[in-house]
Every structure is written in structure tokens, then in C-alpha cells.
$ cat entry29.cif   # mmCIF, C-alpha atoms
data_structure
loop_
_atom_site.label_atom_id
_atom_site.label_comp_id
_atom_site.auth_asym_id
_atom_site.auth_seq_id
_atom_site.Cartn_x
_atom_site.Cartn_y
_atom_site.Cartn_z
CA MET V 175 0.00 0.00 0.00
CA ALA V 176 1.12 3.53 -0.77
CA LYS V 177 -0.13 6.69 0.86
CA VAL V 178 -1.43 9.54 -1.28
CA LEU V 179 -1.31 12.96 0.36
CA ILE V 180 -4.40 14.85 -0.78
CA PRO V 181 -3.70 18.53 -1.55
CA THR V 182 -5.62 20.48 1.08
CA PRO V 183 -7.98 22.24 -1.39
CA LEU V 184 -8.98 18.83 -2.81
CA ARG V 185 -9.77 17.15 0.52
CA GLN V 186 -13.43 18.08 0.04
CA TYR V 187 -13.47 15.71 -2.97
CA ALA V 188 -11.75 12.88 -1.08
CA GLY V 189 -14.09 12.35 1.84
CA LYS V 190 -12.31 15.18 3.74
CA ASN V 191 -9.29 12.91 4.13
CA ASP V 192 -5.78 14.34 4.50
CA ALA V 193 -4.32 11.16 3.03
CA VAL V 194 -5.62 7.98 1.43
CA GLU V 195 -4.00 4.54 1.41
CA VAL V 196 -4.19 2.86 -1.99
CA ALA V 197 -2.94 -0.38 -3.52
CA GLY V 198 -1.09 -0.40 -6.81
CA ALA V 199 2.16 -1.59 -8.31
CA THR V 200 2.70 1.70 -10.16
CA VAL V 201 1.86 5.35 -9.68
CA GLY V 202 -0.72 5.10 -12.47
CA GLU V 203 -2.45 2.17 -10.79
CA ALA V 204 -2.43 3.87 -7.40
CA LEU V 205 -3.90 7.09 -8.81
CA GLY V 206 -6.48 5.00 -10.67
CA LYS V 207 -7.52 3.41 -7.36
CA LEU V 208 -7.66 6.83 -5.77
CA ILE V 209 -10.04 8.04 -8.49
CA ASP V 210 -12.13 4.85 -8.29
CA ASN V 211 -12.56 5.41 -4.55
CA HIS V 212 -13.10 9.17 -4.85
CA PRO V 213 -14.55 9.87 -8.32
CA ASP V 214 -15.08 13.57 -7.58
CA LEU V 215 -11.29 13.97 -7.72
CA ARG V 216 -11.08 12.90 -11.35
CA ARG V 217 -11.85 16.20 -13.07
CA HIS V 218 -9.40 18.01 -10.80
CA LEU V 219 -6.51 15.73 -11.73
CA TYR V 220 -7.29 14.44 -15.23
CA ASN V 221 -8.42 16.08 -18.45
CA ASP V 222 -11.18 14.78 -20.75
CA GLU V 223 -8.63 12.59 -22.56
CA GLY V 224 -7.78 10.81 -19.31
CA ARG V 225 -4.31 12.35 -18.99
CA LEU V 226 -3.04 14.10 -15.91
CA ARG V 227 -3.72 17.81 -16.30
CA SER V 228 -0.70 19.76 -17.48
CA PHE V 229 -0.25 21.59 -14.17
CA VAL V 230 -0.36 18.41 -12.05
CA ASN V 231 3.00 17.03 -10.94
CA VAL V 232 3.32 13.82 -8.96
CA TYR V 233 6.08 12.93 -6.53
CA VAL V 234 6.96 9.56 -5.02
CA ASN V 235 8.59 10.42 -1.74
CA ASP V 236 10.84 13.30 -2.91
CA GLU V 237 11.20 12.24 -6.55
CA ASP V 238 9.27 13.88 -9.39
CA ILE V 239 7.90 11.02 -11.52
CA ARG V 240 8.67 12.99 -14.71
CA TYR V 241 12.30 12.09 -14.01
CA LEU V 242 11.49 8.46 -13.18
CA LYS V 243 9.14 6.37 -15.30
CA LYS V 244 6.23 8.78 -15.12
CA GLU V 245 2.99 6.94 -14.34
CA HIS V 246 4.79 3.60 -14.81
CA THR V 247 7.01 4.37 -11.81
CA GLN V 248 7.04 1.36 -9.51
CA LEU V 249 5.79 1.68 -5.95
CA ALA V 250 7.03 0.00 -2.80
CA SER V 251 4.98 -0.46 0.33
CA GLY V 252 5.07 2.67 2.43
CA ASP V 253 5.83 5.04 -0.44
CA VAL V 254 4.23 8.45 -0.15
CA ILE V 255 2.70 10.02 -3.26
CA SER V 256 2.34 13.82 -3.33
CA ILE V 257 0.30 15.73 -5.90
CA VAL V 258 1.75 19.20 -6.44
CA PRO V 259 0.69 21.71 -9.09
CA SER V 260 3.13 23.84 -11.08
CA ILE V 261 2.72 27.49 -10.16
CA ALA V 262 4.37 30.37 -11.99
CA GLY V 263 3.46 33.54 -13.83
CA GLY V 264 4.37 37.12 -14.40
CA GLY V 265 3.06 40.53 -15.21
CA PHE V 266 3.96 40.61 -18.90
CA MET Q 1453 -15.58 35.85 -2.38
CA ILE Q 1454 -12.21 35.77 -0.66
CA ARG Q 1455 -11.71 37.65 2.61
CA ILE Q 1456 -8.16 38.28 3.82
CA HIS Q 1457 -7.80 39.03 7.51
CA ALA Q 1458 -5.76 42.06 8.59
CA GLU Q 1459 -2.58 40.28 9.68
CA PRO Q 1460 -2.04 38.16 6.55
CA TRP Q 1461 -3.01 41.11 4.35
CA ALA Q 1462 -0.40 43.33 6.02
CA GLU Q 1463 2.16 40.57 5.52
CA MET Q 1464 1.32 40.25 1.82
CA VAL Q 1465 1.62 44.00 1.22
CA ARG Q 1466 4.88 44.15 3.23
CA HIS Q 1467 6.29 41.25 1.19
CA ALA Q 1468 5.25 42.74 -2.15
CA ARG Q 1469 6.82 46.12 -1.24
CA ALA Q 1470 10.01 44.50 0.04
CA ALA Q 1471 10.42 42.45 -3.14
CA TYR Q 1472 9.97 45.48 -5.44
CA PRO Q 1473 11.11 45.88 -8.20
CA ASP Q 1474 10.92 42.08 -8.36
CA GLU Q 1475 7.72 40.09 -8.23
CA CYS Q 1476 7.03 38.32 -4.96
CA VAL Q 1477 5.14 35.07 -4.43
CA GLY Q 1478 3.55 33.47 -1.42
CA VAL Q 1479 0.72 31.26 -0.30
CA MET Q 1480 -2.44 31.92 1.67
CA LEU Q 1481 -3.75 29.49 4.26
CA GLY Q 1482 -7.28 29.61 5.60
CA ALA Q 1483 -10.68 28.04 5.34
CA THR Q 1484 -13.38 27.49 2.75
CA GLY Q 1485 -17.11 27.22 3.18
CA ASN Q 1486 -20.42 28.35 1.68
CA GLY Q 1487 -18.69 29.30 -1.54
CA SER Q 1488 -16.29 31.74 0.10
CA LYS Q 1489 -12.76 31.64 1.42
CA SER Q 1490 -11.08 33.31 4.35
CA VAL Q 1491 -7.34 33.81 4.65
CA GLU Q 1492 -5.87 33.51 8.14
CA LEU Q 1493 -2.18 33.20 7.38
CA ALA Q 1494 0.09 34.39 4.56
CA LEU Q 1495 3.40 32.62 4.06
CA PRO Q 1496 5.96 34.48 1.91
CA MET Q 1497 7.82 32.16 -0.46
CA GLU Q 1498 10.92 32.65 -2.59
CA ASN Q 1499 10.56 33.64 -6.22
CA VAL Q 1500 12.82 31.08 -7.93
CA SER Q 1501 12.13 32.15 -11.50
CA PRO Q 1502 15.19 31.61 -13.69
CA GLY Q 1503 14.06 34.57 -15.82
CA ASP Q 1504 13.68 38.28 -15.14
CA ARG Q 1505 12.09 38.38 -11.68
CA ARG Q 1506 10.82 41.91 -12.29
CA GLN Q 1507 8.20 40.32 -14.54
CA ARG Q 1508 8.25 36.60 -13.76
CA TYR Q 1509 7.74 34.42 -10.74
CA THR Q 1510 8.03 30.71 -10.08
CA LEU Q 1511 7.05 28.93 -6.90
CA ASP Q 1512 9.41 26.07 -6.02
CA SER Q 1513 7.42 22.84 -5.87
CA LYS Q 1514 9.27 21.86 -2.68
CA ASP Q 1515 8.08 25.08 -1.05
CA LEU Q 1516 4.52 24.45 -2.21
CA ARG Q 1517 4.62 20.91 -0.80
CA ALA Q 1518 5.94 22.25 2.50
CA ALA Q 1519 3.24 24.94 2.59
CA ASP Q 1520 0.49 22.39 1.97
CA ALA Q 1521 1.96 20.25 4.78
CA GLU Q 1522 1.93 23.31 7.04
CA ALA Q 1523 -1.74 23.88 6.19
CA ARG Q 1524 -2.45 20.25 7.06
CA ARG Q 1525 -0.62 20.58 10.39
CA ARG Q 1526 -2.63 23.67 11.27
CA GLY Q 1527 -5.98 22.22 10.20
CA LEU Q 1528 -6.19 24.84 7.45
CA THR Q 1529 -6.48 24.75 3.66
CA LEU Q 1530 -4.06 26.23 1.16
CA VAL Q 1531 -6.68 28.47 -0.40
CA GLY Q 1532 -4.56 30.55 -2.72
CA ILE Q 1533 -1.38 31.96 -4.15
CA TYR Q 1534 -0.44 35.63 -4.18
CA HIS Q 1535 2.09 37.46 -6.29
CA SER Q 1536 2.88 41.03 -7.22
CA HIS Q 1537 2.97 43.00 -10.47
CA PRO Q 1538 5.60 45.74 -10.08
CA ASP Q 1539 4.56 48.91 -11.93
CA ALA Q 1540 1.65 47.12 -13.58
CA ASP Q 1541 -2.02 46.61 -12.78
CA ALA Q 1542 -3.36 43.59 -10.91
CA TYR Q 1543 -4.72 41.82 -13.97
CA PHE Q 1544 -4.26 38.11 -14.60
CA SER Q 1545 -1.78 38.05 -17.46
CA ALA Q 1546 -1.51 35.44 -20.21
CA THR Q 1547 1.62 34.16 -18.45
CA ASP Q 1548 -0.25 33.95 -15.14
CA LEU Q 1549 -3.08 32.04 -16.81
CA ALA Q 1550 -0.81 29.61 -18.68
CA ASN Q 1551 0.91 28.62 -15.42
CA SER Q 1552 -2.09 28.57 -13.09
CA CYS Q 1553 -4.05 25.93 -11.22
CA PRO Q 1554 -7.83 26.04 -10.69
CA TRP Q 1555 -7.60 24.69 -7.15
CA TYR Q 1556 -6.53 28.09 -5.85
CA SER Q 1557 -7.49 31.75 -5.75
CA PHE Q 1558 -4.76 33.92 -7.27
CA VAL Q 1559 -4.40 37.31 -5.61
CA VAL Q 1560 -2.36 39.83 -7.60
CA LEU Q 1561 -1.02 42.96 -5.89
CA SER Q 1562 -0.14 45.97 -8.01
CA ILE Q 1563 2.95 47.74 -6.63
CA ARG Q 1564 3.78 51.13 -8.17
CA ARG Q 1565 7.09 52.84 -7.41
CA GLY Q 1566 7.46 50.53 -4.45
CA GLU Q 1567 4.07 51.29 -2.90
CA PHE Q 1568 0.91 49.20 -2.84
CA ASP Q 1569 -1.67 50.42 -5.33
CA HIS Q 1570 -4.50 47.89 -5.64
CA ALA Q 1571 -5.22 44.14 -5.79
CA HIS Q 1572 -7.57 41.69 -7.44
CA SER Q 1573 -8.29 38.00 -7.02
CA TRP Q 1574 -8.71 35.58 -9.90
CA LEU Q 1575 -10.09 32.08 -10.35
CA PRO Q 1576 -8.53 30.34 -13.39
CA ASP Q 1577 -10.34 27.49 -15.09
CA ALA Q 1578 -8.96 23.96 -15.45
CA GLU Q 1579 -8.07 24.48 -19.12
CA GLN Q 1580 -6.06 27.63 -18.29
CA LYS Q 1581 -8.07 29.56 -20.88
CA THR Q 1582 -9.96 32.06 -18.74
CA ALA Q 1583 -9.85 33.48 -15.23
CA GLU Q 1584 -12.93 34.73 -13.43
CA HIS Q 1585 -12.70 37.82 -11.24
CA GLU Q 1586 -13.31 36.86 -7.59
CA PRO Q 1587 -14.59 39.53 -5.19
CA LEU Q 1588 -11.78 40.39 -2.75
CA VAL Q 1589 -12.25 41.85 0.72
CA THR Q 1590 -9.22 42.92 2.74
CA GLU Q 1591 -9.36 43.87 6.40
CA ASN Q 1592 -7.28 46.68 7.83
#
$ encode --input "entry29.cif" --output "C-alpha cells"
Amino acid sequence: MAKVLIPTPLRQYAGKNDAVEVAGATVGEALGKLIDNHPDLRRHLYNDEGRLRSFVNVYVNDEDIRYLKKEHTQLASGDVISIVPSIAGGGF
Amino acid sequence: MIRIHAEPWAEMVRHARAAYPDECVGVMLGATGNGSKSVELALPMENVSPGDRRQRYTLDSKDLRAADAEARRRGLTLVGIYHSHPDADAYFSATDLANSCPWYSFVVLSIRRGEFDHAHSWLPDAEQKTAEHEPLVTEN
């Protein structure tokens, strides 16, 4: 089992949980289980094509999965998955 | 509507003035309910933009993770992000929109010649195509 930390603004779509334990051999499977258990989260994380929204980054422990095997990244028991959006901008 | 209590609002203005002529960035922690948000704590963050920080900001993902963890510890919600526009109005620019996230309110502070001028709050959509103006109330 891995633990998914729910971003605080999304807790309302995850049964008000701070974190959810999910089974899954990969990050993609674990996030799929998360969505199965809390379907209201889907539109906040995935676009209509079923891909993670462009601003959504996923970490396993402290590693960004973009630099691992993305959603195919393997999970070990006790891993912690964090969902962190990209935030930037500027006046011009 | 988003209501920012006096103490976090003073901190946001202080931070934006101190960062001038660069853009500042920080997070707002508070509560949500009945379609409105209240901000109880502002946490200044570092602008880590690799570009010209007078017109660009980037929030380090490690800092954002830590801020969300701090919200969790305090029983609060990370309700929004603030940043400043030095010598520009508090609009939501195309760059702001293209790098936004619909989970948060985005408060923009206009700083002119180093002094606070005005602020607006924005709610971007999930496709990063439009941002709705959110009524902003600040306490003094």
C-alpha cells in the first residue's frame, strides 16, 4: 500500500481525508484506485482525454515522476505520493 | 468571495513592497465554506524564476509541498497563491493564466514605485483559458 497525500484544497473531494492509502504496483495504478474510490477527484486531476492535467505534478517520496518512469514508476509499500501543481506567472 | 484578515493582508503587502522591483510570491492558508474563502495566514515564499524576476515568478514545488503540509498541520487549507505585479495593474496576465491551477485563488497585488496600489483575485479554469474575477475583501 502507498499513501497519497491529498492537496488540502482537494480534501473536500476525497471524503475530507488528508491522506488515502491505496494499492497499486505503479503510480498510475495507485492514482487509478484513488479516483475509483473518490470519483469527484477525477476532473481536478485528469483532463477529458484521461491524462493528468498539465499543471499536475506527482512525486513519489521526494522524486518527481517525470524524471522516473512517469505513471509507470514502480511503488514499494510505504511510499508516499504527493500531488503538487506547477505554479508560476508574471506581469507581462 | 475571498476575505483576507488584517494580519495576513499586512504581511502580503509588506512582502510585495520588500520584493519590489521584483515580483514576490507566497501562499495563503485559511478556510473554505459556503462558496467563500477566508485567509488567516500568509506565508511568503521565494521567487525562484530563472528569468527576469521583475516580470516573472516561479514557486518552487518543494516550497509548495511544505506549505500544503503546514496547512495540514494547522488544520487549514491552502486556499490561494499571491504574487505582485511591479509597476503594472493587478490583472491576470496570459503568463499567469498559462501557469495557473484552478484549485486556488490567485491574488495579484499591483505595486507602483514601491508602494501598494490595488489588488484583485482571480479564479482560473482547469483548461487555463480564462480566469474569473473573484470579489476580494481585505481587512485593515
$ closest_residue --input "entry29.cif" --among "Q:Gly1485, Q:Pro1473, Q:Gly1478, Q:Pro1502" --to "Leu1516 of chain Q" --atoms "only C-alpha atoms"
Q:Gly1478
$ resolve_selection --input "entry29.cif" --expression "the PyMOL selection byres ((chain V) within 6 of (chain Q))" --output "JSON, numbers by chain"
{"V": [182, 183, 261, 262, 263, 264, 265]}
$ residues_around --input "entry29.cif" --residues "Leu1588 of chain Q" --least-positions-apart "2" --cutoff "7 Å" --atoms "all atoms listed in the file" --output "list in words"
Met1453, Ile1454, Arg1455, His1572, Ser1573, Glu1586 and Thr1590 of chain Q
$ write_last_selection --input "entry29.cif" --atoms "C-alpha atoms" --output "mmCIF file, in the coordinates of the input"
data_model
loop_
_atom_site.group_PDB
_atom_site.id
_atom_site.type_symbol
_atom_site.label_atom_id
_atom_site.label_comp_id
_atom_site.auth_asym_id
_atom_site.auth_seq_id
_atom_site.Cartn_x
_atom_site.Cartn_y
_atom_site.Cartn_z
ATOM 1 C CA MET Q 1453 -15.580 35.850 -2.380
ATOM 2 C CA ILE Q 1454 -12.210 35.770 -0.660
ATOM 3 C CA ARG Q 1455 -11.710 37.650 2.610
ATOM 4 C CA HIS Q 1572 -7.570 41.690 -7.440
ATOM 5 C CA SER Q 1573 -8.290 38.000 -7.020
ATOM 6 C CA GLU Q 1586 -13.310 36.860 -7.590
ATOM 7 C CA THR Q 1590 -9.220 42.920 2.740
#
$ residues_around --input "entry29.cif" --residues "Ser251 of chain V" --least-positions-apart "2" --cutoff "10 Å" --atoms "all atoms listed in the file" --output "list in words"
Met175, Ala176, Lys177, Ala197, Gly198, Ala199, Leu249, Asp253 and Val254 of chain V
$ write_last_selection --input "entry29.cif" --atoms "C-alpha atoms" --output "PDB file, in the coordinates of the input"
ATOM      1  CA  MET V 175       0.000   0.000   0.000  1.00  0.00           C
ATOM      2  CA  ALA V 176       1.120   3.530  -0.770  1.00  0.00           C
ATOM      3  CA  LYS V 177      -0.130   6.690   0.860  1.00  0.00           C
ATOM      4  CA  ALA V 197      -2.940  -0.380  -3.520  1.00  0.00           C
ATOM      5  CA  GLY V 198      -1.090  -0.400  -6.810  1.00  0.00           C
ATOM      6  CA  ALA V 199       2.160  -1.590  -8.310  1.00  0.00           C
ATOM      7  CA  LEU V 249       5.790   1.680  -5.950  1.00  0.00           C
ATOM      8  CA  ASP V 253       5.830   5.040  -0.440  1.00  0.00           C
ATOM      9  CA  VAL V 254       4.230   8.450  -0.150  1.00  0.00           C
TER      10      VAL V 254
END
$ atom_distance --input "entry29.cif" --atom1 "atom CA of Leu179 of chain V" --atom2 "atom CA of Glu1498 of chain Q"
23.4 Å
$ residues_around --input "entry29.cif" --residues "segment 200-207 of chain V" --least-positions-apart "3" --cutoff "9 Å" --atoms "all atoms listed in the file" --output "list in words"
Met175, Ala176, Val178, Glu195, Val196, Ala197, Asp210, Asn211, His212, Val232, Val234, Ile239, Lys244, Glu245, His246, Thr247, Gln248, Leu249, Ala250 and Ile255 of chain V
$ atom_distance --input "entry29.cif" --atom1 "atom CA of Asn235 of chain V" --atom2 "atom CA of Gly252 of chain V"
9.5 Å
$ closest_residue --input "entry29.cif" --among "Q:Ala1519, Q:Ile1563, Q:Met1480, Q:Ser1557" --to "Glu1492 of chain Q" --atoms "only C-alpha atoms"
Q:Met1480
$ decode --input "entry29.cif" --residues "segment 1475-1569 of chain Q" --atoms "C-alpha atoms" --output "short mmCIF file (atom, residue, chain, number, x, y, z; two decimals), in the first residue's frame"
data_model
loop_
_atom_site.label_atom_id
_atom_site.label_comp_id
_atom_site.auth_asym_id
_atom_site.auth_seq_id
_atom_site.Cartn_x
_atom_site.Cartn_y
_atom_site.Cartn_z
CA GLU Q 1475 7.72 40.09 -8.23
CA CYS Q 1476 7.03 38.32 -4.96
CA VAL Q 1477 5.14 35.07 -4.43
CA GLY Q 1478 3.55 33.47 -1.42
CA VAL Q 1479 0.72 31.26 -0.30
CA MET Q 1480 -2.44 31.92 1.67
CA LEU Q 1481 -3.75 29.49 4.26
CA GLY Q 1482 -7.28 29.61 5.60
CA ALA Q 1483 -10.68 28.04 5.34
CA THR Q 1484 -13.38 27.49 2.75
CA GLY Q 1485 -17.11 27.22 3.18
CA ASN Q 1486 -20.42 28.35 1.68
CA GLY Q 1487 -18.69 29.30 -1.54
CA SER Q 1488 -16.29 31.74 0.10
CA LYS Q 1489 -12.76 31.64 1.42
CA SER Q 1490 -11.08 33.31 4.35
CA VAL Q 1491 -7.34 33.81 4.65
CA GLU Q 1492 -5.87 33.51 8.14
CA LEU Q 1493 -2.18 33.20 7.38
CA ALA Q 1494 0.09 34.39 4.56
CA LEU Q 1495 3.40 32.62 4.06
CA PRO Q 1496 5.96 34.48 1.91
CA MET Q 1497 7.82 32.16 -0.46
CA GLU Q 1498 10.92 32.65 -2.59
CA ASN Q 1499 10.56 33.64 -6.22
CA VAL Q 1500 12.82 31.08 -7.93
CA SER Q 1501 12.13 32.15 -11.50
CA PRO Q 1502 15.19 31.61 -13.69
CA GLY Q 1503 14.06 34.57 -15.82
CA ASP Q 1504 13.68 38.28 -15.14
CA ARG Q 1505 12.09 38.38 -11.68
CA ARG Q 1506 10.82 41.91 -12.29
CA GLN Q 1507 8.20 40.32 -14.54
CA ARG Q 1508 8.25 36.60 -13.76
CA TYR Q 1509 7.74 34.42 -10.74
CA THR Q 1510 8.03 30.71 -10.08
CA LEU Q 1511 7.05 28.93 -6.90
CA ASP Q 1512 9.41 26.07 -6.02
CA SER Q 1513 7.42 22.84 -5.87
CA LYS Q 1514 9.27 21.86 -2.68
CA ASP Q 1515 8.08 25.08 -1.05
CA LEU Q 1516 4.52 24.45 -2.21
CA ARG Q 1517 4.62 20.91 -0.80
CA ALA Q 1518 5.94 22.25 2.50
CA ALA Q 1519 3.24 24.94 2.59
CA ASP Q 1520 0.49 22.39 1.97
CA ALA Q 1521 1.96 20.25 4.78
CA GLU Q 1522 1.93 23.31 7.04
CA ALA Q 1523 -1.74 23.88 6.19
CA ARG Q 1524 -2.45 20.25 7.06
CA ARG Q 1525 -0.62 20.58 10.39
CA ARG Q 1526 -2.63 23.67 11.27
CA GLY Q 1527 -5.98 22.22 10.20
CA LEU Q 1528 -6.19 24.84 7.45
CA THR Q 1529 -6.48 24.75 3.66
CA LEU Q 1530 -4.06 26.23 1.16
CA VAL Q 1531 -6.68 28.47 -0.40
CA GLY Q 1532 -4.56 30.55 -2.72
CA ILE Q 1533 -1.38 31.96 -4.15
CA TYR Q 1534 -0.44 35.63 -4.18
CA HIS Q 1535 2.09 37.46 -6.29
CA SER Q 1536 2.88 41.03 -7.22
CA HIS Q 1537 2.97 43.00 -10.47
CA PRO Q 1538 5.60 45.74 -10.08
CA ASP Q 1539 4.56 48.91 -11.93
CA ALA Q 1540 1.65 47.12 -13.58
CA ASP Q 1541 -2.02 46.61 -12.78
CA ALA Q 1542 -3.36 43.59 -10.91
CA TYR Q 1543 -4.72 41.82 -13.97
CA PHE Q 1544 -4.26 38.11 -14.60
CA SER Q 1545 -1.78 38.05 -17.46
CA ALA Q 1546 -1.51 35.44 -20.21
CA THR Q 1547 1.62 34.16 -18.45
CA ASP Q 1548 -0.25 33.95 -15.14
CA LEU Q 1549 -3.08 32.04 -16.81
CA ALA Q 1550 -0.81 29.61 -18.68
CA ASN Q 1551 0.91 28.62 -15.42
CA SER Q 1552 -2.09 28.57 -13.09
CA CYS Q 1553 -4.05 25.93 -11.22
CA PRO Q 1554 -7.83 26.04 -10.69
CA TRP Q 1555 -7.60 24.69 -7.15
CA TYR Q 1556 -6.53 28.09 -5.85
CA SER Q 1557 -7.49 31.75 -5.75
CA PHE Q 1558 -4.76 33.92 -7.27
CA VAL Q 1559 -4.40 37.31 -5.61
CA VAL Q 1560 -2.36 39.83 -7.60
CA LEU Q 1561 -1.02 42.96 -5.89
CA SER Q 1562 -0.14 45.97 -8.01
CA ILE Q 1563 2.95 47.74 -6.63
CA ARG Q 1564 3.78 51.13 -8.17
CA ARG Q 1565 7.09 52.84 -7.41
CA GLY Q 1566 7.46 50.53 -4.45
CA GLU Q 1567 4.07 51.29 -2.90
CA PHE Q 1568 0.91 49.20 -2.84
CA ASP Q 1569 -1.67 50.42 -5.33
#
